[in-house]
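Structure below is input-v2.cif: mmCIF, C-alpha atoms.
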```cif
data_final
#
loop_
_atom_site.group_PDB
_atom_site.id
_atom_site.type_symbol
_atom_site.label_atom_id
_atom_site.label_comp_id
_atom_site.auth_asym_id
_atom_site.auth_seq_id
_atom_site.Cartn_x
_atom_site.Cartn_y
_atom_site.Cartn_z
ATOM 1 C CA MET X 5 44.237 31.294 26.668
ATOM 2 C CA LYS X 6 44.963 27.751 25.452
ATOM 3 C CA LYS X 7 43.362 26.446 28.648
ATOM 4 C CA LEU X 8 40.262 28.578 27.975
ATOM 5 C CA ILE X 9 40.005 27.225 24.419
ATOM 6 C CA LEU X 10 40.342 23.667 25.738
ATOM 7 C CA ILE X 11 37.615 24.301 28.335
ATOM 8 C CA LEU X 12 35.312 25.764 25.674
ATOM 9 C CA MET X 13 35.988 22.801 23.363
ATOM 10 C CA LEU X 14 35.205 20.330 26.127
ATOM 11 C CA ALA X 15 32.029 22.251 26.941
ATOM 12 C CA ALA X 16 31.027 22.122 23.289
ATOM 13 C CA ILE X 17 31.613 18.428 22.770
ATOM 14 C CA GLY X 18 30.456 17.123 26.117
ATOM 15 C CA LEU X 19 32.773 15.813 28.800
ATOM 16 C CA ALA X 20 34.315 12.404 28.458
ATOM 17 C CA GLY X 21 34.407 9.789 31.165
ATOM 18 C CA LEU X 22 33.535 6.190 31.893
ATOM 19 C CA ASP X 23 30.021 5.044 32.719
ATOM 20 C CA CYS X 24 29.300 2.505 35.468
ATOM 21 C CA ALA X 25 29.963 -0.397 33.089
ATOM 22 C CA GLY X 26 33.393 1.043 32.240
ATOM 23 C CA GLN X 27 32.300 2.187 28.764
ATOM 24 C CA LYS X 28 33.644 5.475 27.427
ATOM 25 C CA VAL X 29 30.898 8.116 27.334
ATOM 26 C CA GLN X 30 30.566 11.859 26.839
ATOM 27 C CA ARG X 31 28.059 13.513 29.159
ATOM 28 C CA TYR X 32 25.740 16.253 27.958
ATOM 29 C CA GLY X 33 23.501 18.655 29.899
ATOM 30 C CA MET X 34 21.091 20.821 27.907
ATOM 31 C CA VAL X 35 18.347 23.318 28.682
ATOM 32 C CA LEU X 36 15.432 25.134 27.035
ATOM 33 C CA GLY X 37 12.076 26.620 27.962
ATOM 34 C CA VAL X 38 8.662 25.010 27.595
ATOM 35 C CA LYS X 39 5.391 26.909 27.094
ATOM 36 C CA GLU X 40 3.248 26.671 30.238
ATOM 37 C CA GLU X 41 0.073 25.816 28.340
ATOM 38 C CA LYS X 42 1.863 22.980 26.532
ATOM 39 C CA ILE X 43 3.213 21.237 29.654
ATOM 40 C CA PRO X 44 0.357 18.692 29.970
ATOM 41 C CA GLU X 45 0.751 17.668 26.324
ATOM 42 C CA TYR X 46 4.546 17.623 26.477
ATOM 43 C CA THR X 47 4.468 15.503 29.630
ATOM 44 C CA LYS X 48 1.884 13.146 28.165
ATOM 45 C CA ILE X 49 3.734 12.427 24.925
ATOM 46 C CA HIS X 50 7.032 11.994 26.781
ATOM 47 C CA ALA X 51 5.508 9.409 29.099
ATOM 48 C CA ASP X 52 4.850 7.290 26.034
ATOM 49 C CA VAL X 53 7.416 8.167 23.368
ATOM 50 C CA TRP X 54 6.978 6.417 19.998
ATOM 51 C CA PRO X 55 9.058 3.192 19.908
ATOM 52 C CA GLY X 56 10.762 4.302 16.673
ATOM 53 C CA ILE X 57 12.068 7.428 18.412
ATOM 54 C CA LEU X 58 13.531 5.415 21.295
ATOM 55 C CA LYS X 59 15.090 3.026 18.759
ATOM 56 C CA MET X 60 16.675 5.937 16.868
ATOM 57 C CA ILE X 61 18.034 7.430 20.134
ATOM 58 C CA GLU X 62 19.628 4.068 20.926
ATOM 59 C CA GLY X 63 20.864 3.676 17.342
ATOM 60 C CA CYS X 64 22.562 7.071 17.600
ATOM 61 C CA ASN X 65 24.460 5.923 20.720
ATOM 62 C CA ILE X 66 22.550 8.141 23.167
ATOM 63 C CA LYS X 67 21.869 6.451 26.509
ATOM 64 C CA ASN X 68 20.721 7.139 30.052
ATOM 65 C CA TYR X 69 18.710 10.076 28.714
ATOM 66 C CA SER X 70 16.463 11.942 31.165
ATOM 67 C CA ILE X 71 14.460 15.169 30.852
ATOM 68 C CA TYR X 72 13.435 17.170 33.936
ATOM 69 C CA LEU X 73 10.903 19.992 34.260
ATOM 70 C CA HIS X 74 10.843 22.875 36.751
ATOM 71 C CA GLN X 75 9.387 26.384 37.100
ATOM 72 C CA LEU X 76 12.075 28.922 37.998
ATOM 73 C CA ASP X 77 11.800 32.265 39.811
ATOM 74 C CA ASP X 78 11.051 34.175 36.568
ATOM 75 C CA GLY X 79 7.748 32.231 36.486
ATOM 76 C CA LYS X 80 8.820 30.387 33.339
ATOM 77 C CA HIS X 81 9.125 26.633 32.922
ATOM 78 C CA TYR X 82 12.320 24.954 31.802
ATOM 79 C CA LEU X 83 13.347 21.521 30.587
ATOM 80 C CA PHE X 84 16.742 20.149 31.597
ATOM 81 C CA ALA X 85 18.142 17.178 29.667
ATOM 82 C CA TYR X 86 20.949 14.851 30.708
ATOM 83 C CA PHE X 87 22.295 12.076 28.499
ATOM 84 C CA GLU X 88 25.421 10.081 27.761
ATOM 85 C CA TYR X 89 26.886 9.581 24.298
ATOM 86 C CA ALA X 90 28.634 6.251 23.820
ATOM 87 C CA GLY X 91 29.595 6.464 20.133
ATOM 88 C CA ASP X 92 32.697 7.705 18.319
ATOM 89 C CA ASP X 93 31.265 10.535 16.215
ATOM 90 C CA PHE X 94 28.610 12.668 17.895
ATOM 91 C CA ASP X 95 28.141 15.018 14.931
ATOM 92 C CA ALA X 96 27.659 12.114 12.506
ATOM 93 C CA ASP X 97 25.135 10.454 14.829
ATOM 94 C CA MET X 98 23.248 13.739 15.218
ATOM 95 C CA GLU X 99 23.132 14.071 11.414
ATOM 96 C CA LYS X 100 21.766 10.524 11.227
ATOM 97 C CA MET X 101 19.070 11.423 13.747
ATOM 98 C CA LYS X 102 18.233 14.636 11.890
ATOM 99 C CA ASP X 103 17.805 12.670 8.633
ATOM 100 C CA ASP X 104 15.328 10.227 10.170
ATOM 101 C CA PRO X 105 11.800 11.088 8.934
ATOM 102 C CA LEU X 106 10.116 9.818 12.123
ATOM 103 C CA THR X 107 12.442 11.909 14.330
ATOM 104 C CA ARG X 108 11.705 14.990 12.214
ATOM 105 C CA LYS X 109 7.989 14.315 12.662
ATOM 106 C CA TRP X 110 8.537 14.045 16.464
ATOM 107 C CA TRP X 111 10.507 17.286 16.530
ATOM 108 C CA ASP X 112 7.759 19.002 14.470
ATOM 109 C CA ILE X 113 5.408 18.166 17.355
ATOM 110 C CA CYS X 114 7.807 19.078 20.195
ATOM 111 C CA GLU X 115 9.471 22.236 18.896
ATOM 112 C CA PRO X 116 6.343 24.460 18.870
ATOM 113 C CA MET X 117 5.938 23.615 22.587
ATOM 114 C CA GLN X 118 9.486 24.717 23.379
ATOM 115 C CA ILE X 119 11.201 28.103 23.780
ATOM 116 C CA PRO X 120 14.920 27.867 23.073
ATOM 117 C CA ILE X 121 17.294 29.898 25.279
ATOM 118 C CA LYS X 122 18.386 33.093 23.507
ATOM 119 C CA ASN X 123 22.110 32.620 24.168
ATOM 120 C CA ARG X 124 22.229 29.201 22.481
ATOM 121 C CA GLN X 125 25.038 28.599 20.014
ATOM 122 C CA GLU X 126 24.500 28.593 16.252
ATOM 123 C CA GLY X 127 22.927 25.311 15.191
ATOM 124 C CA GLU X 128 21.672 24.516 18.707
ATOM 125 C CA TRP X 129 18.016 24.146 19.688
ATOM 126 C CA TRP X 130 18.573 22.869 23.217
ATOM 127 C CA ALA X 131 21.416 25.004 24.680
ATOM 128 C CA ASN X 132 24.471 23.018 25.732
ATOM 129 C CA MET X 133 25.404 23.768 29.349
ATOM 130 C CA LYS X 134 28.854 23.809 30.906
ATOM 131 C CA GLU X 135 29.714 20.896 33.186
ATOM 132 C CA VAL X 136 31.301 22.275 36.374
ATOM 133 C CA PHE X 137 31.422 19.063 38.406
ATOM 134 C CA HIS X 138 31.384 15.314 37.928
ATOM 135 C CA THR X 139 32.070 12.337 40.133
ATOM 136 C CA ILE X 140 31.565 8.697 39.195
ATOM 137 C CA MET V 19 -6.290 11.677 42.147
ATOM 138 C CA LYS V 20 -4.462 8.540 43.309
ATOM 139 C CA LYS V 21 -2.437 8.682 40.099
ATOM 140 C CA LEU V 22 -1.547 12.333 40.803
ATOM 141 C CA ILE V 23 -0.427 11.462 44.346
ATOM 142 C CA LEU V 24 1.710 8.603 42.960
ATOM 143 C CA ILE V 25 3.280 10.925 40.388
ATOM 144 C CA LEU V 26 4.026 13.511 43.092
ATOM 145 C CA MET V 27 5.524 10.820 45.345
ATOM 146 C CA LEU V 28 7.729 9.531 42.530
ATOM 147 C CA ALA V 29 8.815 13.103 41.775
ATOM 148 C CA ALA V 30 9.686 13.610 45.430
ATOM 149 C CA ILE V 31 11.711 10.440 45.865
ATOM 150 C CA GLY V 32 13.408 10.274 42.483
ATOM 151 C CA LEU V 33 12.530 7.836 39.757
ATOM 152 C CA ALA V 34 13.690 4.258 39.994
ATOM 153 C CA GLY V 35 15.354 2.325 37.208
ATOM 154 C CA LEU V 36 18.423 0.292 36.394
ATOM 155 C CA ASP V 37 21.779 1.819 35.592
ATOM 156 C CA CYS V 38 23.980 0.509 32.770
ATOM 157 C CA ALA V 39 25.474 -2.164 35.057
ATOM 158 C CA GLY V 40 21.980 -3.441 35.903
ATOM 159 C CA GLN V 41 22.052 -1.936 39.403
ATOM 160 C CA LYS V 42 18.848 -0.434 40.819
ATOM 161 C CA VAL V 43 19.108 3.360 41.022
ATOM 162 C CA GLN V 44 16.832 6.327 41.628
ATOM 163 C CA ARG V 45 17.550 9.296 39.388
ATOM 164 C CA TYR V 46 17.461 12.862 40.687
ATOM 165 C CA GLY V 47 17.482 16.199 38.837
ATOM 166 C CA MET V 48 17.843 19.367 40.907
ATOM 167 C CA VAL V 49 18.199 23.098 40.268
ATOM 168 C CA LEU V 50 19.171 26.342 42.025
ATOM 169 C CA GLY V 51 20.667 29.717 41.172
ATOM 170 C CA VAL V 52 24.286 30.793 41.522
ATOM 171 C CA LYS V 53 25.439 34.379 42.117
ATOM 172 C CA GLU V 54 27.142 35.740 38.984
ATOM 173 C CA GLU V 55 30.097 37.167 40.896
ATOM 174 C CA LYS V 56 30.691 33.808 42.593
ATOM 175 C CA ILE V 57 30.815 31.708 39.413
ATOM 176 C CA PRO V 58 34.630 31.748 39.042
ATOM 177 C CA GLU V 59 35.081 30.613 42.664
ATOM 178 C CA TYR V 60 32.275 28.031 42.463
ATOM 179 C CA THR V 61 33.727 26.603 39.248
ATOM 180 C CA LYS V 62 37.252 26.560 40.675
ATOM 181 C CA ILE V 63 36.386 24.684 43.873
ATOM 182 C CA HIS V 64 34.194 22.208 41.966
ATOM 183 C CA ALA V 65 37.033 21.377 39.583
ATOM 184 C CA ASP V 66 38.986 20.153 42.599
ATOM 185 C CA VAL V 67 36.517 19.005 45.260
ATOM 186 C CA TRP V 68 38.055 17.888 48.576
ATOM 187 C CA PRO V 69 38.687 14.119 48.542
ATOM 188 C CA GLY V 70 36.720 13.702 51.802
ATOM 189 C CA ILE V 71 33.630 15.196 50.138
ATOM 190 C CA LEU V 72 33.857 12.811 47.175
ATOM 191 C CA LYS V 73 34.337 9.921 49.622
ATOM 192 C CA MET V 74 31.226 10.953 51.578
ATOM 193 C CA ILE V 75 29.180 11.242 48.335
ATOM 194 C CA GLU V 76 30.257 7.702 47.432
ATOM 195 C CA GLY V 77 29.630 6.486 50.998
ATOM 196 C CA CYS V 78 26.091 7.860 50.807
ATOM 197 C CA ASN V 79 25.426 5.840 47.633
ATOM 198 C CA ILE V 80 25.333 8.836 45.290
ATOM 199 C CA LYS V 81 26.928 8.145 41.904
ATOM 200 C CA ASN V 82 27.274 9.528 38.396
ATOM 201 C CA TYR V 83 26.818 13.017 39.844
ATOM 202 C CA SER V 84 27.185 15.984 37.478
ATOM 203 C CA ILE V 85 26.505 19.705 37.906
ATOM 204 C CA TYR V 86 25.894 21.971 34.905
ATOM 205 C CA LEU V 87 25.884 25.764 34.682
ATOM 206 C CA HIS V 88 23.967 28.008 32.293
ATOM 207 C CA GLN V 89 22.701 31.590 32.042
ATOM 208 C CA LEU V 90 18.989 31.704 31.189
ATOM 209 C CA ASP V 91 16.924 34.416 29.476
ATOM 210 C CA ASP V 92 16.257 36.242 32.776
ATOM 211 C CA GLY V 93 19.997 37.012 32.846
ATOM 212 C CA LYS V 94 20.473 34.855 35.926
ATOM 213 C CA HIS V 95 22.762 31.846 36.240
ATOM 214 C CA TYR V 96 21.545 28.430 37.288
ATOM 215 C CA LEU V 97 23.102 25.162 38.385
ATOM 216 C CA PHE V 98 21.478 21.890 37.329
ATOM 217 C CA ALA V 99 22.443 18.691 39.115
ATOM 218 C CA TYR V 100 21.915 15.121 37.971
ATOM 219 C CA PHE V 101 22.816 12.087 40.075
ATOM 220 C CA GLU V 102 21.849 8.490 40.715
ATOM 221 C CA TYR V 103 21.125 7.031 44.148
ATOM 222 C CA ALA V 104 22.067 3.373 44.507
ATOM 223 C CA GLY V 105 21.258 2.784 48.201
ATOM 224 C CA ASP V 106 18.151 1.547 50.003
ATOM 225 C CA ASP V 107 17.333 4.552 52.203
ATOM 226 C CA PHE V 108 17.843 7.967 50.614
ATOM 227 C CA ASP V 109 16.655 9.949 53.652
ATOM 228 C CA ALA V 110 18.982 8.048 56.003
ATOM 229 C CA ASP V 111 21.943 8.565 53.657
ATOM 230 C CA MET V 112 21.150 12.286 53.396
ATOM 231 C CA GLU V 113 21.058 12.505 57.204
ATOM 232 C CA LYS V 114 24.451 10.776 57.291
ATOM 233 C CA MET V 115 25.810 13.330 54.829
ATOM 234 C CA LYS V 116 24.302 16.211 56.811
ATOM 235 C CA ASP V 117 25.985 14.952 59.988
ATOM 236 C CA ASP V 118 29.432 14.831 58.410
ATOM 237 C CA PRO V 119 31.485 17.808 59.712
ATOM 238 C CA LEU V 120 33.540 18.095 56.511
ATOM 239 C CA THR V 121 30.400 18.140 54.335
ATOM 240 C CA ARG V 122 28.908 20.858 56.564
ATOM 241 C CA LYS V 123 32.113 22.865 56.114
ATOM 242 C CA TRP V 124 31.853 22.417 52.329
ATOM 243 C CA TRP V 125 28.211 23.496 52.336
ATOM 244 C CA ASP V 126 29.123 26.551 54.467
ATOM 245 C CA ILE V 127 31.390 27.589 51.593
ATOM 246 C CA CYS V 128 28.963 26.734 48.757
ATOM 247 C CA GLU V 129 25.624 27.934 50.121
ATOM 248 C CA PRO V 130 26.462 31.679 50.255
ATOM 249 C CA MET V 131 27.293 31.431 46.513
ATOM 250 C CA GLN V 132 23.899 29.896 45.723
ATOM 251 C CA ILE V 133 20.355 31.281 45.413
ATOM 252 C CA PRO V 134 17.738 28.587 46.064
ATOM 253 C CA ILE V 135 14.600 28.559 43.893
ATOM 254 C CA LYS V 136 11.661 30.143 45.730
ATOM 255 C CA ASN V 137 9.212 27.298 45.015
ATOM 256 C CA ARG V 138 11.440 24.640 46.596
ATOM 257 C CA GLN V 139 9.794 22.242 49.021
ATOM 258 C CA GLU V 140 10.259 22.498 52.779
ATOM 259 C CA GLY V 141 13.629 21.067 53.757
ATOM 260 C CA GLU V 142 15.053 21.434 50.235
ATOM 261 C CA TRP V 143 17.998 23.642 49.295
ATOM 262 C CA TRP V 144 18.399 22.426 45.714
ATOM 263 C CA ALA V 145 14.850 22.144 44.283
ATOM 264 C CA ASN V 146 13.893 18.666 43.111
ATOM 265 C CA MET V 147 12.696 18.705 39.509
ATOM 266 C CA LYS V 148 10.081 16.453 37.937
ATOM 267 C CA GLU V 149 11.338 13.770 35.552
ATOM 268 C CA VAL V 150 9.211 13.825 32.399
ATOM 269 C CA PHE V 151 11.247 11.412 30.266
ATOM 270 C CA HIS V 152 13.786 8.650 30.631
ATOM 271 C CA THR V 153 15.245 6.044 28.321
ATOM 272 C CA ILE V 154 18.087 3.656 29.169
#
```
Any chance you could give the structure as structure tokens?
Amino acid sequence: MKKLILILMLAAIGLAGLDCAGQKVQRYGMVLGVKEEKIPEYTKIHADVWPGILKMIEGCNIKNYSIYLHQLDDGKHYLFAYFEYAGDDFDADMEKMKDDPLTRKWWDICEPMQIPIKNRQEGEWWANMKEVFHTI
Amino acid sequence: MKKLILILMLAAIGLAGLDCAGQKVQRYGMVLGVKEEKIPEYTKIHADVWPGILKMIEGCNIKNYSIYLHQLDDGKHYLFAYFEYAGDDFDADMEKMKDDPLTRKWWDICEPMQIPIKNRQEGEWWANMKEVFHTI
């Protein structure tokens, strides 16, 4: 039972490790749906994200952040995000990001294009996934 | 049209960039399904992957390789993989991996637990996803 709690905690906070430069990072994998008719717009704005958004991501210690798109067998389209967190307080950095007016404006544009997964945890928009494997 | 072909080519070969140590890498995001009843076994073997498999992954220039698991709204379970390729010839390294008897043995165990996405390209098992965003 203790082991299960530990596993769930690790899944919730991201899994810690070292990146290729030997820096301590926590890895995160997240998923949500994207509306088919919004894919061209979503793709277009993400090919040229506002500089202030990229600066805020960096300032909140998020790095090596990629988003992938694929249509699955249910015919729906999903976005899969991978990033590494290099700071000391993920929750505090996420609060900082949430309080940034430009980021809120960006999210106001992105969120109507997205369809969050129903089983996401309270407070999540993108659903945190469980890491089942990692090798450096 | 040329731009579309370039985008499709980049999606097929992974997107190039620098990792945190300044090394040239191509990033890959991949997806497939996993049978619900096989999740405990899949998770268990991936928590303790055979050393020879990890050595072959490293020898084929694959690094920072993570696999995530999540149940989506269709009730099915999916595996999402993210890794970075640091070599000069991805196809040749994949052939090398495919020719390794231990890797084939590992795949013989894993593949019956997996359900590949129907729209995967010819020759794919895991379906390559399109990268729509990246920041370092």
Lay chain V over chain X using all C-alpha atoms, matched one to one in order, with a least-squares fit; then write it out as a CSV table (one decimal) with C-alpha atoms, in the coordinates of the input.
```csv
chain,number,residue,atom,x,y,z
V,19,MET,CA,44.2,31.3,26.7
V,20,LYS,CA,44.9,27.8,25.5
V,21,LYS,CA,43.3,26.5,28.6
V,22,LEU,CA,40.2,28.6,28.0
V,23,ILE,CA,39.9,27.3,24.5
V,24,LEU,CA,40.3,23.7,25.7
V,25,ILE,CA,37.6,24.3,28.4
V,26,LEU,CA,35.3,25.8,25.7
V,27,MET,CA,35.9,22.9,23.4
V,28,LEU,CA,35.2,20.4,26.1
V,29,ALA,CA,32.0,22.3,27.0
V,30,ALA,CA,31.0,22.2,23.3
V,31,ILE,CA,31.6,18.5,22.8
V,32,GLY,CA,30.5,17.1,26.1
V,33,LEU,CA,32.8,15.8,28.8
V,34,ALA,CA,34.3,12.4,28.4
V,35,GLY,CA,34.4,9.7,31.2
V,36,LEU,CA,33.5,6.2,31.9
V,37,ASP,CA,30.0,5.0,32.7
V,38,CYS,CA,29.3,2.5,35.4
V,39,ALA,CA,29.9,-0.4,33.1
V,40,GLY,CA,33.4,1.0,32.2
V,41,GLN,CA,32.3,2.2,28.8
V,42,LYS,CA,33.6,5.5,27.4
V,43,VAL,CA,30.9,8.1,27.3
V,44,GLN,CA,30.6,11.9,26.8
V,45,ARG,CA,28.1,13.5,29.2
V,46,TYR,CA,25.7,16.3,28.0
V,47,GLY,CA,23.5,18.7,29.9
V,48,MET,CA,21.1,20.8,27.9
V,49,VAL,CA,18.3,23.3,28.7
V,50,LEU,CA,15.4,25.1,27.0
V,51,GLY,CA,12.1,26.6,27.9
V,52,VAL,CA,8.7,25.0,27.6
V,53,LYS,CA,5.4,26.9,27.1
V,54,GLU,CA,3.3,26.7,30.2
V,55,GLU,CA,0.1,25.8,28.3
V,56,LYS,CA,1.9,23.0,26.5
V,57,ILE,CA,3.2,21.2,29.7
V,58,PRO,CA,0.4,18.7,30.0
V,59,GLU,CA,0.8,17.7,26.3
V,60,TYR,CA,4.6,17.6,26.5
V,61,THR,CA,4.5,15.5,29.6
V,62,LYS,CA,1.9,13.2,28.2
V,63,ILE,CA,3.7,12.4,24.9
V,64,HIS,CA,7.0,12.0,26.8
V,65,ALA,CA,5.5,9.4,29.1
V,66,ASP,CA,4.9,7.3,26.0
V,67,VAL,CA,7.4,8.2,23.4
V,68,TRP,CA,7.0,6.4,20.0
V,69,PRO,CA,9.1,3.2,19.9
V,70,GLY,CA,10.8,4.3,16.7
V,71,ILE,CA,12.1,7.4,18.4
V,72,LEU,CA,13.5,5.4,21.3
V,73,LYS,CA,15.1,3.0,18.8
V,74,MET,CA,16.7,5.9,16.9
V,75,ILE,CA,18.0,7.4,20.1
V,76,GLU,CA,19.6,4.0,20.9
V,77,GLY,CA,20.9,3.7,17.3
V,78,CYS,CA,22.6,7.1,17.6
V,79,ASN,CA,24.5,5.9,20.7
V,80,ILE,CA,22.5,8.1,23.2
V,81,LYS,CA,21.9,6.4,26.5
V,82,ASN,CA,20.7,7.1,30.1
V,83,TYR,CA,18.7,10.1,28.7
V,84,SER,CA,16.5,12.0,31.2
V,85,ILE,CA,14.5,15.2,30.9
V,86,TYR,CA,13.5,17.2,33.9
V,87,LEU,CA,10.9,20.0,34.3
V,88,HIS,CA,10.9,22.9,36.7
V,89,GLN,CA,9.4,26.4,37.1
V,90,LEU,CA,12.1,28.9,38.0
V,91,ASP,CA,11.8,32.3,39.8
V,92,ASP,CA,11.1,34.2,36.6
V,93,GLY,CA,7.8,32.2,36.5
V,94,LYS,CA,8.8,30.4,33.3
V,95,HIS,CA,9.1,26.7,32.9
V,96,TYR,CA,12.3,25.0,31.8
V,97,LEU,CA,13.3,21.5,30.6
V,98,PHE,CA,16.8,20.2,31.5
V,99,ALA,CA,18.2,17.2,29.7
V,100,TYR,CA,21.0,14.9,30.7
V,101,PHE,CA,22.3,12.1,28.5
V,102,GLU,CA,25.4,10.1,27.8
V,103,TYR,CA,26.9,9.6,24.3
V,104,ALA,CA,28.6,6.2,23.8
V,105,GLY,CA,29.6,6.5,20.1
V,106,ASP,CA,32.7,7.7,18.3
V,107,ASP,CA,31.3,10.5,16.2
V,108,PHE,CA,28.6,12.7,17.9
V,109,ASP,CA,28.1,15.0,14.9
V,110,ALA,CA,27.7,12.1,12.5
V,111,ASP,CA,25.1,10.4,14.8
V,112,MET,CA,23.2,13.7,15.2
V,113,GLU,CA,23.1,14.1,11.4
V,114,LYS,CA,21.8,10.5,11.2
V,115,MET,CA,19.1,11.4,13.8
V,116,LYS,CA,18.2,14.6,11.9
V,117,ASP,CA,17.8,12.7,8.6
V,118,ASP,CA,15.3,10.2,10.2
V,119,PRO,CA,11.8,11.1,8.9
V,120,LEU,CA,10.1,9.8,12.1
V,121,THR,CA,12.4,11.9,14.3
V,122,ARG,CA,11.7,15.0,12.2
V,123,LYS,CA,8.0,14.3,12.7
V,124,TRP,CA,8.5,14.0,16.5
V,125,TRP,CA,10.5,17.3,16.5
V,126,ASP,CA,7.8,19.0,14.5
V,127,ILE,CA,5.4,18.2,17.4
V,128,CYS,CA,7.8,19.1,20.2
V,129,GLU,CA,9.5,22.2,18.9
V,130,PRO,CA,6.3,24.5,18.9
V,131,MET,CA,5.9,23.6,22.6
V,132,GLN,CA,9.5,24.7,23.4
V,133,ILE,CA,11.2,28.1,23.8
V,134,PRO,CA,14.9,27.9,23.1
V,135,ILE,CA,17.3,29.9,25.3
V,136,LYS,CA,18.4,33.1,23.5
V,137,ASN,CA,22.1,32.6,24.2
V,138,ARG,CA,22.3,29.2,22.5
V,139,GLN,CA,25.1,28.6,20.0
V,140,GLU,CA,24.5,28.6,16.2
V,141,GLY,CA,22.9,25.3,15.2
V,142,GLU,CA,21.7,24.5,18.7
V,143,TRP,CA,18.0,24.1,19.7
V,144,TRP,CA,18.6,22.9,23.2
V,145,ALA,CA,21.4,25.0,24.7
V,146,ASN,CA,24.5,23.0,25.8
V,147,MET,CA,25.4,23.7,29.4
V,148,LYS,CA,28.9,23.8,30.9
V,149,GLU,CA,29.7,20.9,33.2
V,150,VAL,CA,31.3,22.3,36.4
V,151,PHE,CA,31.5,19.0,38.4
V,152,HIS,CA,31.4,15.3,37.9
V,153,THR,CA,32.1,12.3,40.1
V,154,ILE,CA,31.6,8.7,39.2
```
message: Near chain X, meaning an atom within 7 Å, which residues of chain V appear when counting all atoms listed in the file? Write them as number ranges by chain.
response: V: 38-39, 47, 61, 64-65, 81-88, 90-92, 135-136, 147-154
- request: I need the residue set behind the PyMOL selection byres ((chain X and resi 92-99) around 9) for this file; please write it as number ranges by chain.
  value: X: 17, 63-65, 89-91, 100-104
- prompt: What lies within 8 Å of Ala20 of chain X using only C-alpha atoms, ignoring chain neighbours under 4 positions off, as a list in words?
  reply: Lys28, Val29, Gln30 and Arg31 of chain X
Please, could you write that set of residues out with C-alpha atoms as a PDB file, in the frame of the given file?
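Saved result, result_26.pdb, follows:
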```pdb
ATOM      1  CA  LYS X  28      33.644   5.475  27.427  1.00  0.00           C
ATOM      2  CA  VAL X  29      30.898   8.116  27.334  1.00  0.00           C
ATOM      3  CA  GLN X  30      30.566  11.859  26.839  1.00  0.00           C
ATOM      4  CA  ARG X  31      28.059  13.513  29.159  1.00  0.00           C
TER       5      ARG X  31
END
```
task: Record the distance separating atom CA of Gly70 of chain V and atom CA of Leu120 of chain V, expressed in Å with one decimal.
output: 7.2 Å
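The space between atom CA of Glu115 of chain X and atom CA of His95 of chain V spans 23.9 Å.
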So that I can see what lies close to Cys114 of chain X, please list as a PDB file with C-alpha atoms, in the coordinates of the input the residues with an atom at most 10 Å from it, counting only C-alpha atoms and leaving out residues fewer than 4 positions away in the same chain.
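What landed in out_10.pdb:
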```
ATOM      1  CA  VAL X  38       8.662  25.010  27.595  1.00  0.00           C
ATOM      2  CA  LYS X  42       1.863  22.980  26.532  1.00  0.00           C
ATOM      3  CA  GLU X  45       0.751  17.668  26.324  1.00  0.00           C
ATOM      4  CA  TYR X  46       4.546  17.623  26.477  1.00  0.00           C
ATOM      5  CA  ILE X  49       3.734  12.427  24.925  1.00  0.00           C
ATOM      6  CA  HIS X  50       7.032  11.994  26.781  1.00  0.00           C
ATOM      7  CA  ARG X 108      11.705  14.990  12.214  1.00  0.00           C
ATOM      8  CA  LYS X 109       7.989  14.315  12.662  1.00  0.00           C
ATOM      9  CA  TRP X 110       8.537  14.045  16.464  1.00  0.00           C
ATOM     10  CA  GLN X 118       9.486  24.717  23.379  1.00  0.00           C
TER      11      GLN X 118
END
```
- request: Please indicate the distance in Å from atom CA of Trp68 of chain V to atom CA of Asp126 of chain V, rounded to one decimal place.
  value: 13.8 Å
Can you take the partial segment 76-82 of chain X, add N, CA, C and O atoms, and return it as a PDB file, in the frame of the given file?
```
ATOM      1  N   LEU X  76      11.066  28.123  37.281  1.00  0.00           N
ATOM      2  CA  LEU X  76      12.075  28.922  37.998  1.00  0.00           C
ATOM      3  C   LEU X  76      11.475  30.242  38.487  1.00  0.00           C
ATOM      4  O   LEU X  76      10.285  30.515  38.284  1.00  0.00           O
ATOM      5  N   ASP X  77      12.317  31.060  39.149  1.00  0.00           N
ATOM      6  CA  ASP X  77      11.800  32.265  39.811  1.00  0.00           C
ATOM      7  C   ASP X  77      11.251  33.318  38.838  1.00  0.00           C
ATOM      8  O   ASP X  77      10.510  34.212  39.266  1.00  0.00           O
ATOM      9  N   ASP X  78      11.615  33.234  37.550  1.00  0.00           N
ATOM     10  CA  ASP X  78      11.051  34.175  36.568  1.00  0.00           C
ATOM     11  C   ASP X  78       9.633  33.771  36.164  1.00  0.00           C
ATOM     12  O   ASP X  78       9.022  34.421  35.314  1.00  0.00           O
ATOM     13  N   GLY X  79       9.115  32.694  36.782  1.00  0.00           N
ATOM     14  CA  GLY X  79       7.748  32.231  36.486  1.00  0.00           C
ATOM     15  C   GLY X  79       7.668  31.344  35.260  1.00  0.00           C
ATOM     16  O   GLY X  79       6.611  30.789  34.956  1.00  0.00           O
ATOM     17  N   LYS X  80       8.806  31.205  34.563  1.00  0.00           N
ATOM     18  CA  LYS X  80       8.820  30.387  33.339  1.00  0.00           C
ATOM     19  C   LYS X  80       9.245  28.950  33.647  1.00  0.00           C
ATOM     20  O   LYS X  80       9.898  28.681  34.651  1.00  0.00           O
ATOM     21  N   HIS X  81       8.869  28.064  32.743  1.00  0.00           N
ATOM     22  CA  HIS X  81       9.125  26.633  32.922  1.00  0.00           C
ATOM     23  C   HIS X  81      10.269  26.208  32.000  1.00  0.00           C
ATOM     24  O   HIS X  81      10.317  26.616  30.842  1.00  0.00           O
ATOM     25  N   TYR X  82      11.145  25.382  32.555  1.00  0.00           N
ATOM     26  CA  TYR X  82      12.320  24.954  31.802  1.00  0.00           C
ATOM     27  C   TYR X  82      12.443  23.435  31.795  1.00  0.00           C
ATOM     28  O   TYR X  82      12.032  22.763  32.740  1.00  0.00           O
TER      29      TYR X  82
END
```
